[in-house]
file structure21.pdb (PDB, C-alpha atoms, pLDDT in the B column)
ATOM      1  CA  MET L   1       0.000   0.000   0.000  1.00 43.00           C
ATOM      2  CA  SER L   2       3.031   2.272   0.295  1.00 46.00           C
ATOM      3  CA  SER L   3       2.791   3.223  -3.405  1.00 50.00           C
ATOM      4  CA  ALA L   4      -0.996   3.691  -3.481  1.00 67.00           C
ATOM      5  CA  LYS L   5      -2.339   6.550  -5.542  1.00 87.00           C
ATOM      6  CA  VAL L   6      -4.699   9.185  -4.174  1.00 92.00           C
ATOM      7  CA  ALA L   7      -7.207   8.341  -6.923  1.00 93.00           C
ATOM      8  CA  GLU L   8      -7.613   5.879  -9.778  1.00 94.00           C
ATOM      9  CA  LYS L   9      -9.918   5.437 -12.742  1.00 95.00           C
ATOM     10  CA  LEU L  10     -12.661   2.807 -12.482  1.00 96.00           C
ATOM     11  CA  ASN L  11     -15.048   1.411 -15.074  1.00 98.00           C
ATOM     12  CA  ILE L  12     -18.583   2.651 -14.404  1.00 96.00           C
ATOM     13  CA  LEU L  13     -21.971   2.959 -16.071  1.00 97.00           C
ATOM     14  CA  ARG L  14     -23.542   6.394 -16.257  1.00 96.00           C
ATOM     15  CA  TYR L  15     -27.259   6.924 -16.827  1.00 96.00           C
ATOM     16  CA  ALA L  16     -28.174  10.157 -18.604  1.00 95.00           C
ATOM     17  CA  ASP L  17     -30.691  11.271 -21.212  1.00 95.00           C
ATOM     18  CA  GLY L  18     -32.550   7.978 -21.017  1.00 96.00           C
ATOM     19  CA  LYS L  19     -29.595   5.684 -21.724  1.00 97.00           C
ATOM     20  CA  TYR L  20     -26.639   3.947 -20.055  1.00 97.00           C
ATOM     21  CA  VAL L  21     -23.082   4.757 -21.131  1.00 97.00           C
ATOM     22  CA  SER L  22     -19.887   2.880 -20.227  1.00 98.00           C
ATOM     23  CA  MET L  23     -17.072   5.185 -19.129  1.00 96.00           C
ATOM     24  CA  ARG L  24     -14.043   5.623 -16.877  1.00 96.00           C
ATOM     25  CA  ASP L  25     -14.422   7.680 -13.694  1.00 94.00           C
ATOM     26  CA  LEU L  26     -11.686   9.050 -11.420  1.00 93.00           C
ATOM     27  CA  THR L  27     -12.406   7.761  -7.894  1.00 94.00           C
ATOM     28  CA  VAL L  28     -10.560   8.532  -4.653  1.00 95.00           C
ATOM     29  CA  GLN L  29      -8.618   6.007  -2.604  1.00 94.00           C
ATOM     30  CA  GLU L  30      -9.164   5.500   1.124  1.00 95.00           C
ATOM     31  CA  VAL L  31      -6.813   3.614   3.440  1.00 97.00           C
ATOM     32  CA  GLN L  32      -6.950   2.654   7.108  1.00 98.00           C
ATOM     33  CA  PHE L  33      -3.981   4.097   8.981  1.00 98.00           C
ATOM     34  CA  HIS L  34      -3.104   3.433  12.621  1.00 99.00           C
ATOM     35  CA  ILE L  35      -1.283   5.767  14.997  1.00 98.00           C
ATOM     36  CA  ASP L  36       0.008   3.918  18.057  1.00 98.00           C
ATOM     37  CA  ILE L  37       0.920   6.469  20.732  1.00 96.00           C
ATOM     38  CA  VAL L  38       2.854   4.158  23.038  1.00 95.00           C
ATOM     39  CA  GLY L  39       1.366   3.951  26.514  1.00 91.00           C
ATOM     40  CA  ILE L  40      -1.298   6.549  25.746  1.00 91.00           C
ATOM     41  CA  ALA L  41      -3.685   5.779  22.895  1.00 93.00           C
ATOM     42  CA  HIS L  42      -4.253   3.931  19.634  1.00 96.00           C
ATOM     43  CA  LYS L  43      -5.910   5.953  16.878  1.00 96.00           C
ATOM     44  CA  VAL L  44      -7.399   4.711  13.605  1.00 98.00           C
ATOM     45  CA  LEU L  45      -7.722   7.174  10.720  1.00 98.00           C
ATOM     46  CA  TYR L  46      -9.296   6.726   7.304  1.00 98.00           C
ATOM     47  CA  CYS L  47      -7.270   8.853   4.945  1.00 98.00           C
ATOM     48  CA  SER L  48      -5.711   9.351   1.542  1.00 96.00           C
ATOM     49  CA  PRO L  49      -2.280   7.735   1.134  1.00 96.00           C
ATOM     50  CA  GLY L  50       0.712  10.045   1.407  1.00 95.00           C
ATOM     51  CA  GLU L  51       2.122  12.835   3.594  1.00 97.00           C
ATOM     52  CA  TRP L  52       2.278  10.392   6.491  1.00 98.00           C
ATOM     53  CA  MET L  53       4.622  12.387   8.726  1.00 98.00           C
ATOM     54  CA  GLU L  54       2.575  15.542   8.211  1.00 98.00           C
ATOM     55  CA  LEU L  55      -0.588  13.636   9.110  1.00 98.00           C
ATOM     56  CA  VAL L  56       0.888  12.086  12.254  1.00 98.00           C
ATOM     57  CA  LEU L  57       2.425  15.314  13.571  1.00 98.00           C
ATOM     58  CA  GLY L  58      -0.656  17.372  12.758  1.00 98.00           C
ATOM     59  CA  HIS L  59      -2.972  14.861  14.400  1.00 97.00           C
ATOM     60  CA  LEU L  60      -0.830  14.688  17.530  1.00 96.00           C
ATOM     61  CA  TYR L  61      -0.780  18.483  17.678  1.00 95.00           C
ATOM     62  CA  THR L  62      -4.476  19.143  17.082  1.00 95.00           C
ATOM     63  CA  GLN L  63      -5.437  16.409  19.547  1.00 93.00           C
ATOM     64  CA  ARG L  64      -3.115  17.963  22.149  1.00 90.00           C
ATOM     65  CA  TYR L  65      -0.783  15.026  22.542  1.00 92.00           C
ATOM     66  CA  ILE L  66       2.092  17.427  21.775  1.00 92.00           C
ATOM     67  CA  ARG L  67       2.652  21.203  21.630  1.00 89.00           C
ATOM     68  CA  ARG L  68       5.896  21.179  19.628  1.00 89.00           C
ATOM     69  CA  ILE L  69       7.982  18.695  17.672  1.00 92.00           C
ATOM     70  CA  ALA L  70      10.441  18.449  20.583  1.00 91.00           C
ATOM     71  CA  ASP L  71       7.693  16.714  22.590  1.00 93.00           C
ATOM     72  CA  VAL L  72       8.051  13.698  20.265  1.00 95.00           C
ATOM     73  CA  GLU L  73      10.874  11.287  21.082  1.00 95.00           C
ATOM     74  CA  SER L  74      10.421   9.154  17.973  1.00 97.00           C
ATOM     75  CA  ILE L  75       8.046   8.383  15.102  1.00 98.00           C
ATOM     76  CA  ASP L  76       8.389   5.168  13.115  1.00 98.00           C
ATOM     77  CA  ILE L  77       6.109   4.945  10.071  1.00 98.00           C
ATOM     78  CA  ASP L  78       5.553   1.571   8.374  1.00 98.00           C
ATOM     79  CA  THR L  79       3.618   2.250   5.168  1.00 96.00           C
ATOM     80  CA  ASP L  80       3.308  -1.472   4.393  1.00 96.00           C
ATOM     81  CA  ALA L  81       1.607  -2.240   7.715  1.00 97.00           C
ATOM     82  CA  MET L  82      -0.059   1.202   7.626  1.00 97.00           C
ATOM     83  CA  VAL L  83       0.938   2.069  11.187  1.00 98.00           C
ATOM     84  CA  ALA L  84       2.903   4.855  12.856  1.00 99.00           C
ATOM     85  CA  THR L  85       4.462   4.122  16.241  1.00 98.00           C
ATOM     86  CA  VAL L  86       4.958   7.263  18.319  1.00 98.00           C
ATOM     87  CA  GLU L  87       6.948   7.768  21.510  1.00 96.00           C
ATOM     88  CA  ILE L  88       6.138  10.986  23.349  1.00 94.00           C
ATOM     89  CA  ASN L  89       8.548  12.576  25.811  1.00 88.00           C
ATOM     90  CA  PRO L  90       7.335  11.452  29.257  1.00 82.00           C
ATOM     91  CA  LEU L  91       8.065  14.893  30.719  1.00 77.00           C
ATOM     92  CA  TYR L  92       5.451  16.332  28.370  1.00 70.00           C
ATOM     93  CA  ARG L  93       3.129  13.326  28.492  1.00 63.00           C
ATOM     94  CA  ASP L  94       2.731  13.587  32.258  1.00 58.00           C
ATOM     95  CA  ARG L  95       1.893  17.296  32.214  1.00 56.00           C
ATOM     96  CA  ILE L  96      -1.706  18.433  32.513  1.00 43.00           C
ATOM     97  CA  ILE L  97      -2.506  20.838  29.707  1.00 51.00           C
ATOM     98  CA  LYS L  98      -4.281  23.937  30.949  1.00 49.00           C
ATOM     99  CA  GLU L  99      -4.152  26.635  28.310  1.00 54.00           C
ATOM    100  CA  ASP L 100      -6.238  29.643  27.385  1.00 55.00           C
ATOM    101  CA  ASP L 101      -7.515  28.940  23.879  1.00 62.00           C
ATOM    102  CA  ARG L 102      -8.743  32.481  23.313  1.00 70.00           C
ATOM    103  CA  LEU L 103      -6.854  33.959  20.360  1.00 83.00           C
ATOM    104  CA  LEU L 104      -5.354  37.451  20.374  1.00 76.00           C
ATOM    105  CA  ASP L 105      -6.304  40.286  18.008  1.00 83.00           C
ATOM    106  CA  ASN L 106      -2.756  40.738  16.738  1.00 83.00           C
ATOM    107  CA  VAL L 107      -3.262  40.415  12.979  1.00 93.00           C
ATOM    108  CA  VAL L 108      -5.482  41.925  10.262  1.00 96.00           C
ATOM    109  CA  PHE L 109      -6.065  40.426   6.808  1.00 98.00           C
ATOM    110  CA  ASP L 110      -6.890  42.133   3.501  1.00 97.00           C
ATOM    111  CA  PRO L 111     -10.340  40.988   2.244  1.00 97.00           C
ATOM    112  CA  GLU L 112      -9.342  41.487  -1.402  1.00 97.00           C
ATOM    113  CA  MET L 113      -6.272  39.295  -0.925  1.00 97.00           C
ATOM    114  CA  LEU L 114      -8.486  36.704   0.742  1.00 98.00           C
ATOM    115  CA  ILE L 115     -10.627  36.617  -2.410  1.00 97.00           C
ATOM    116  CA  GLU L 116      -7.507  36.359  -4.571  1.00 96.00           C
ATOM    117  CA  ASN L 117      -6.198  33.488  -2.453  1.00 97.00           C
ATOM    118  CA  GLN L 118      -9.594  31.781  -2.616  1.00 95.00           C
ATOM    119  CA  ASN L 119      -9.687  32.098  -6.416  1.00 94.00           C
ATOM    120  CA  GLN L 120      -6.216  30.579  -6.667  1.00 93.00           C
ATOM    121  CA  PHE L 121      -7.252  27.882  -4.183  1.00 93.00           C
ATOM    122  CA  TYR L 122     -10.119  26.863  -6.467  1.00 90.00           C
ATOM    123  CA  GLU L 123      -7.918  26.903  -9.583  1.00 89.00           C
ATOM    124  CA  ASP L 124      -5.386  24.649  -7.841  1.00 87.00           C
ATOM    125  CA  SER L 125      -8.077  22.196  -6.650  1.00 84.00           C
ATOM    126  CA  ALA L 126      -8.354  20.206  -9.894  1.00 84.00           C
ATOM    127  CA  LEU L 127      -8.491  16.834  -8.111  1.00 87.00           C
ATOM    128  CA  HIS L 128     -11.233  18.101  -5.803  1.00 81.00           C
ATOM    129  CA  ARG L 129     -13.297  19.165  -8.812  1.00 84.00           C
ATOM    130  CA  ALA L 130     -12.559  15.987 -10.780  1.00 83.00           C
ATOM    131  CA  THR L 131     -13.489  13.552  -8.016  1.00 86.00           C
ATOM    132  CA  ALA L 132     -15.807  15.524  -5.705  1.00 82.00           C
ATOM    133  CA  GLY L 133     -14.194  13.340  -3.046  1.00 87.00           C
ATOM    134  CA  ILE L 134     -10.889  15.006  -2.151  1.00 92.00           C
ATOM    135  CA  HIS L 135     -10.712  17.846   0.349  1.00 94.00           C
ATOM    136  CA  ARG L 136      -8.009  20.482   0.321  1.00 94.00           C
ATOM    137  CA  SER L 137      -6.660  22.839   2.982  1.00 97.00           C
ATOM    138  CA  ALA L 138      -4.213  25.689   2.342  1.00 98.00           C
ATOM    139  CA  LEU L 139      -2.186  27.975   4.609  1.00 98.00           C
ATOM    140  CA  CYS L 140      -2.312  31.609   3.482  1.00 98.00           C
ATOM    141  CA  ASP L 141      -1.474  35.178   4.383  1.00 97.00           C
ATOM    142  CA  ASP L 142      -1.680  38.508   2.569  1.00 96.00           C
ATOM    143  CA  MET L 143       1.323  37.542   0.437  1.00 96.00           C
ATOM    144  CA  GLY L 144      -0.391  34.454  -0.990  1.00 97.00           C
ATOM    145  CA  THR L 145      -0.500  30.709  -0.336  1.00 97.00           C
ATOM    146  CA  LEU L 146       2.395  29.055   1.488  1.00 98.00           C
ATOM    147  CA  PHE L 147       1.403  25.430   0.887  1.00 96.00           C
ATOM    148  CA  ALA L 148      -1.600  23.101   0.735  1.00 97.00           C
ATOM    149  CA  CYS L 149      -2.526  19.500   1.578  1.00 97.00           C
ATOM    150  CA  ILE L 150      -5.194  17.120   0.282  1.00 95.00           C
ATOM    151  CA  ASP L 151      -7.046  14.181   1.811  1.00 96.00           C
ATOM    152  CA  VAL L 152     -10.296  12.270   1.458  1.00 96.00           C
ATOM    153  CA  SER L 153     -11.113  13.615   4.946  1.00 96.00           C
ATOM    154  CA  ARG L 154     -11.354  17.355   5.501  1.00 95.00           C
ATOM    155  CA  HIS L 155     -10.134  16.815   9.081  1.00 97.00           C
ATOM    156  CA  ASN L 156      -7.050  14.972   7.837  1.00 98.00           C
ATOM    157  CA  SER L 157      -6.299  17.615   5.205  1.00 97.00           C
ATOM    158  CA  LEU L 158      -6.153  20.168   8.035  1.00 98.00           C
ATOM    159  CA  ASP L 159      -4.003  17.892  10.208  1.00 98.00           C
ATOM    160  CA  LYS L 160      -1.579  17.410   7.301  1.00 98.00           C
ATOM    161  CA  LEU L 161      -1.423  21.164   6.762  1.00 98.00           C
ATOM    162  CA  ILE L 162      -0.676  21.871  10.417  1.00 98.00           C
ATOM    163  CA  GLY L 163       1.869  19.050  10.472  1.00 98.00           C
ATOM    164  CA  LYS L 164       3.610  20.516   7.424  1.00 98.00           C
ATOM    165  CA  ALA L 165       3.765  23.902   9.159  1.00 98.00           C
ATOM    166  CA  LEU L 166       5.348  22.272  12.231  1.00 97.00           C
ATOM    167  CA  MET L 167       7.896  20.435  10.101  1.00 97.00           C
ATOM    168  CA  ASN L 168       8.874  23.659   8.326  1.00 96.00           C
ATOM    169  CA  GLY L 169       8.911  25.862  11.425  1.00 96.00           C
ATOM    170  CA  VAL L 170       6.131  28.080  10.060  1.00 96.00           C
ATOM    171  CA  SER L 171       4.150  30.103  12.611  1.00 94.00           C
ATOM    172  CA  LEU L 172       0.372  29.775  12.337  1.00 95.00           C
ATOM    173  CA  GLN L 173      -0.449  32.815  14.459  1.00 93.00           C
ATOM    174  CA  ASP L 174      -0.323  35.292  11.560  1.00 95.00           C
ATOM    175  CA  LYS L 175      -1.812  33.017   8.871  1.00 97.00           C
ATOM    176  CA  TYR L 176      -5.233  31.684   7.967  1.00 98.00           C
ATOM    177  CA  VAL L 177      -6.555  28.401   6.631  1.00 98.00           C
ATOM    178  CA  LEU L 178      -8.621  27.939   3.484  1.00 98.00           C
ATOM    179  CA  THR L 179     -10.587  24.694   3.315  1.00 96.00           C
ATOM    180  CA  SER L 180     -12.830  23.120   0.703  1.00 93.00           C
ATOM    181  CA  GLY L 181     -15.240  21.437   3.109  1.00 90.00           C
ATOM    182  CA  ARG L 182     -17.793  22.546   5.644  1.00 93.00           C
ATOM    183  CA  VAL L 183     -16.541  23.434   9.124  1.00 97.00           C
ATOM    184  CA  PRO L 184     -18.045  21.443  12.012  1.00 97.00           C
ATOM    185  CA  LYS L 185     -17.093  22.164  15.609  1.00 97.00           C
ATOM    186  CA  ASP L 186     -14.465  19.423  15.914  1.00 96.00           C
ATOM    187  CA  MET L 187     -12.610  20.706  12.855  1.00 96.00           C
ATOM    188  CA  LEU L 188     -12.841  24.296  14.082  1.00 96.00           C
ATOM    189  CA  GLN L 189     -11.382  23.137  17.404  1.00 96.00           C
ATOM    190  CA  LYS L 190      -8.277  21.899  15.587  1.00 96.00           C
ATOM    191  CA  ALA L 191      -7.657  25.408  14.249  1.00 96.00           C
ATOM    192  CA  ILE L 192      -8.156  26.882  17.724  1.00 95.00           C
ATOM    193  CA  TYR L 193      -5.674  24.455  19.295  1.00 93.00           C
ATOM    194  CA  ALA L 194      -3.152  25.250  16.554  1.00 94.00           C
ATOM    195  CA  GLY L 195      -3.461  28.998  17.162  1.00 94.00           C
ATOM    196  CA  VAL L 196      -4.835  29.803  13.698  1.00 96.00           C
ATOM    197  CA  PRO L 197      -6.611  33.208  13.969  1.00 97.00           C
ATOM    198  CA  MET L 198      -8.903  32.822  10.930  1.00 98.00           C
ATOM    199  CA  MET L 199     -10.539  29.930   9.086  1.00 98.00           C
ATOM    200  CA  VAL L 200     -12.123  30.334   5.660  1.00 98.00           C
ATOM    201  CA  SER L 201     -14.345  27.781   3.925  1.00 96.00           C
ATOM    202  CA  ARG L 202     -15.931  27.559   0.488  1.00 92.00           C
ATOM    203  CA  SER L 203     -18.800  25.854   2.307  1.00 94.00           C
ATOM    204  CA  THR L 204     -20.635  26.505   5.575  1.00 95.00           C
ATOM    205  CA  PRO L 205     -19.832  26.226   9.279  1.00 97.00           C
ATOM    206  CA  THR L 206     -22.236  24.657  11.747  1.00 98.00           C
ATOM    207  CA  VAL L 207     -23.934  26.714  14.454  1.00 98.00           C
ATOM    208  CA  GLN L 208     -21.810  24.903  17.040  1.00 98.00           C
ATOM    209  CA  ALA L 209     -18.624  25.813  15.139  1.00 98.00           C
ATOM    210  CA  VAL L 210     -19.660  29.481  15.079  1.00 98.00           C
ATOM    211  CA  ARG L 211     -20.254  29.449  18.838  1.00 98.00           C
ATOM    212  CA  ALA L 212     -16.887  27.785  19.470  1.00 96.00           C
ATOM    213  CA  ALA L 213     -15.190  30.380  17.240  1.00 97.00           C
ATOM    214  CA  GLN L 214     -16.880  33.201  19.163  1.00 97.00           C
ATOM    215  CA  MET L 215     -15.696  31.762  22.485  1.00 95.00           C
ATOM    216  CA  ALA L 216     -12.125  31.449  21.196  1.00 95.00           C
ATOM    217  CA  ASN L 217     -12.109  34.819  19.377  1.00 96.00           C
ATOM    218  CA  LEU L 218     -11.391  33.102  16.043  1.00 97.00           C
ATOM    219  CA  THR L 219     -12.488  34.744  12.792  1.00 98.00           C
ATOM    220  CA  LEU L 220     -14.769  32.356  10.898  1.00 98.00           C
ATOM    221  CA  VAL L 221     -15.583  32.915   7.227  1.00 98.00           C
ATOM    222  CA  GLY L 222     -17.847  30.785   5.039  1.00 97.00           C
ATOM    223  CA  PHE L 223     -19.200  30.608   1.485  1.00 96.00           C
ATOM    224  CA  SER L 224     -16.003  32.192   0.189  1.00 95.00           C
ATOM    225  CA  ARG L 225     -16.517  32.056  -3.569  1.00 92.00           C
ATOM    226  CA  GLU L 226     -17.275  34.178  -6.630  1.00 89.00           C
ATOM    227  CA  GLY L 227     -15.763  37.344  -5.163  1.00 93.00           C
ATOM    228  CA  ARG L 228     -17.642  37.375  -1.863  1.00 95.00           C
ATOM    229  CA  PHE L 229     -17.714  35.713   1.549  1.00 97.00           C
ATOM    230  CA  ASN L 230     -19.751  35.592   4.763  1.00 97.00           C
ATOM    231  CA  ILE L 231     -18.209  36.579   8.110  1.00 98.00           C
ATOM    232  CA  TYR L 232     -19.777  34.680  11.004  1.00 98.00           C
ATOM    233  CA  CYS L 233     -17.632  36.167  13.769  1.00 97.00           C
ATOM    234  CA  GLY L 234     -14.298  37.873  14.405  1.00 96.00           C
ATOM    235  CA  GLU L 235     -14.774  40.608  11.804  1.00 96.00           C
ATOM    236  CA  GLN L 236     -12.125  42.767  13.550  1.00 95.00           C
ATOM    237  CA  ARG L 237      -9.412  40.792  11.721  1.00 96.00           C
ATOM    238  CA  LEU L 238     -10.616  41.896   8.282  1.00 97.00           C
ATOM    239  CA  LEU L 239      -9.293  45.229   7.056  1.00 94.00           C
ATOM    240  CA  GLY L 240     -11.922  47.956   6.755  1.00 91.00           C
ATOM    241  CA  CYS L 241     -14.728  45.955   8.338  1.00 86.00           C
ATOM    242  CA  ARG L 242     -16.267  48.940  10.142  1.00 67.00           C
ATOM    243  CA  THR L 243     -19.101  50.129   7.918  1.00 54.00           C
ATOM    244  CA  ILE L 244     -21.831  47.515   7.656  1.00 60.00           C
ATOM    245  CA  GLU L 245     -24.509  47.900   5.009  1.00 63.00           C
ATOM    246  CA  GLU L 246     -27.830  46.203   5.672  1.00 65.00           C
ATOM    247  CA  SER L 247     -28.776  43.840   2.862  1.00 64.00           C
ATOM    248  CA  PRO L 248     -32.275  44.394   1.424  1.00 59.00           C
ATOM    249  CA  GLN L 249     -32.531  40.628   1.032  1.00 63.00           C
ATOM    250  CA  ASN L 250     -32.298  39.873   4.763  1.00 57.00           C
ATOM    251  CA  GLU L 251     -34.977  37.389   5.699  1.00 52.00           C
ATOM    252  CA  GLU L 252     -37.099  37.724   8.798  1.00 47.00           C
ATOM    253  CA  GLU L 253     -36.429  35.182  11.511  1.00 46.00           C
TER     254      GLU L 253
END
call {"tool": "encode", "arguments": {"input": "structure21.pdb", "output": "C-alpha cells"}}
result
Amino acid sequence: MSSAKVAEKLNILRYADGKYVSMRDLTVQEVQFHIDIVGIAHKVLYCSPGEWMELVLGHLYTQRYIRRIADVESIDIDTDAMVATVEINPLYRDRIIKEDDRLLDNVVFDPEMLIENQNQFYEDSALHRATAGIHRSALCDDMGTLFACIDVSRHNSLDKLIGKALMNGVSLQDKYVLTSGRVPKDMLQKAIYAGVPMMVSRSTPTVQAVRAAQMANLTLVGFSREGRFNIYCGEQRLLGCRTIEESPQNEEE
C-alpha cells in the first residue's frame, strides 16, 4: 500500500438522457492508517495515502498530545503495515494541559487578498473538482499561499497542513486556513488548538462551530466564492470591516 495513488480510474456505467453509457471515472482512494501512541492511545484514521509524517504530527498536535515537535521522542512509520508508532517525551506526556484557547487580536487580513487566495485555491483544486471526493486545505497570508494538503477527509487535510507547518517551522499565528469542506465544531477546534486566527471555507460552518469560534475569538468565514464571503464572527481581523450595510434581502427570523 506504500505506493498507493490518491485516486484511480474505475469502469462505471452512467445513466443520462434515457440511456446507459460505459465510461471511466476518477475515484478517490481511502486507506486505514493506525497511529500507536505508546502507553497513551491507539488511533485509527481513514485517509488518503501520502504525507504520512505531516498527518501524524498534525494529528498529535491538534489532539493535544504534543505542543511542539520536541515533545516527540520518535516516530516510526511503516507504510506497508499502515501504522505509525509514536513515543512521546514522558516529561510532556505527564503534564496536565491547561491553556487559554482564546486567540489574540494581533493580525489583520486584507479581504481582497483573501478573495484572490480563494480564487487561486479553487484553480489549484483540480483533483477536488474531478473527483468531488478530495478535500483540500491551504495555509495563506496577505502575500499568498504558502502550501496546501489534500485528503479524502477534511479533518485529515487540516491535520496534514498543520503538520507541514510544524515540520517547516512556520508560525500559524499570523496566517489563515482555506478549506474546501464545511466546518463542524471538531474541525474548528483543531484550528483553535493550533493557534490559527482565521478559518475560511468555500462551504458553511455549523452553528456549534460558530459558537466555538466566538468563544475562542477566532475569525470564521464561510461561502467564500465568486468574489464574496460571509463573516460569522471575528470581523475585527478583516481590514476595513467597520461600515456595515444592511442587505435588502435579509430574511425575517
call {"tool": "resolve_selection", "arguments": {"input": "structure21.pdb", "expression": "the PyMOL selection byres ((chain L and resi 197-214) around 6)", "output": "number ranges by chain"}}
result
L: 176-185, 196, 215-224
call {"tool": "closest_residue", "arguments": {"input": "structure21.pdb", "among": "L:Val108, L:Leu172, L:Met113, L:Leu158", "to": "Cys241 of chain L", "atoms": "only C-alpha atoms"}}
result
L:Val108
call {"tool": "closest_atom_pairs", "arguments": {"input": "structure21.pdb", "of": "segment 101-220 of chain L", "to": "segment 66-73 of chain L", "cutoff": "10 Å", "atoms": "all atoms listed in the file", "output": "tab-separated table"}}
result
residue	atom	partner	partner_atom	distance
L:Gly163	CA	L:Ile69	CA	9.5
L:Leu166	CA	L:Ile69	CA	7.0
L:Met167	CA	L:Ile69	CA	7.8
L:Gly169	CA	L:Ile69	CA	9.6
L:Tyr193	CA	L:Arg67	CA	9.2
L:Ala194	CA	L:Arg67	CA	8.7
call {"tool": "residues_around", "arguments": {"input": "structure21.pdb", "residues": "segment 76-93 of chain L", "least_positions_apart": "5", "cutoff": "8 Å", "atoms": "only C-alpha atoms", "output": "short mmCIF file (atom, residue, chain, number, x, y, z; two decimals) with C-alpha atoms, in the frame of the given file"}}
result
data_model
loop_
_atom_site.label_atom_id
_atom_site.label_comp_id
_atom_site.auth_asym_id
_atom_site.auth_seq_id
_atom_site.Cartn_x
_atom_site.Cartn_y
_atom_site.Cartn_z
CA MET L 1 0.00 0.00 0.00
CA SER L 2 3.03 2.27 0.30
CA GLN L 32 -6.95 2.65 7.11
CA PHE L 33 -3.98 4.10 8.98
CA HIS L 34 -3.10 3.43 12.62
CA ILE L 35 -1.28 5.77 15.00
CA ASP L 36 0.01 3.92 18.06
CA ILE L 37 0.92 6.47 20.73
CA VAL L 38 2.85 4.16 23.04
CA TRP L 52 2.28 10.39 6.49
CA MET L 53 4.62 12.39 8.73
CA VAL L 56 0.89 12.09 12.25
CA TYR L 65 -0.78 15.03 22.54
CA ILE L 66 2.09 17.43 21.78
CA ASP L 71 7.69 16.71 22.59
#
call {"tool": "closest_residue", "arguments": {"input": "structure21.pdb", "among": "L:Glu8, L:Asp110, L:Glu30, L:Glu54", "to": "Asn168 of chain L", "atoms": "only C-alpha atoms"}}
result
L:Glu54
call {"tool": "closest_residue", "arguments": {"input": "structure21.pdb", "among": "L:Lys43, L:Arg237, L:Lys160, L:Arg102", "to": "Asp174 of chain L", "atoms": "only C-alpha atoms"}}
result
L:Arg237
call {"tool": "closest_residue", "arguments": {"input": "structure21.pdb", "among": "L:Val21, L:Leu57, L:Val28, L:Leu114", "to": "Ala138 of chain L", "atoms": "all atoms listed in the file"}}
result
L:Leu114
call {"tool": "closest_residue", "arguments": {"input": "structure21.pdb", "among": "L:Lys164, L:Glu112, L:Ile150, L:Leu139", "to": "Gly240 of chain L", "atoms": "all atoms listed in the file"}}
result
L:Glu112
call {"tool": "atom_distance", "arguments": {"input": "structure21.pdb", "atom1": "atom CA of Val152 of chain L", "atom2": "atom CA of Ala126 of chain L"}}
result
14.0 Å
call {"tool": "atom_distance", "arguments": {"input": "structure21.pdb", "atom1": "atom CA of Met23 of chain L", "atom2": "atom CA of Asp151 of chain L"}}
result
24.9 Å
call {"tool": "atom_distance", "arguments": {"input": "structure21.pdb", "atom1": "atom CA of Leu161 of chain L", "atom2": "atom CA of Cys149 of chain L"}}
result
5.6 Å
call {"tool": "resolve_selection", "arguments": {"input": "structure21.pdb", "expression": "the PyMOL selection byres ((chain L and resi 49) around 7)", "output": "list in words"}}
result
Ala4, Lys5, Val6, Val31, Cys47, Ser48 and Gly50 of chain L
call {"tool": "write_last_selection", "arguments": {"input": "structure21.pdb", "atoms": "C-alpha atoms", "output": "mmCIF file, in the coordinates of the input"}}
result
data_model
loop_
_atom_site.group_PDB
_atom_site.id
_atom_site.type_symbol
_atom_site.label_atom_id
_atom_site.label_comp_id
_atom_site.auth_asym_id
_atom_site.auth_seq_id
_atom_site.Cartn_x
_atom_site.Cartn_y
_atom_site.Cartn_z
ATOM 1 C CA ALA L 4 -0.996 3.691 -3.481
ATOM 2 C CA LYS L 5 -2.339 6.550 -5.542
ATOM 3 C CA VAL L 6 -4.699 9.185 -4.174
ATOM 4 C CA VAL L 31 -6.813 3.614 3.440
ATOM 5 C CA CYS L 47 -7.270 8.853 4.945
ATOM 6 C CA SER L 48 -5.711 9.351 1.542
ATOM 7 C CA GLY L 50 0.712 10.045 1.407
#
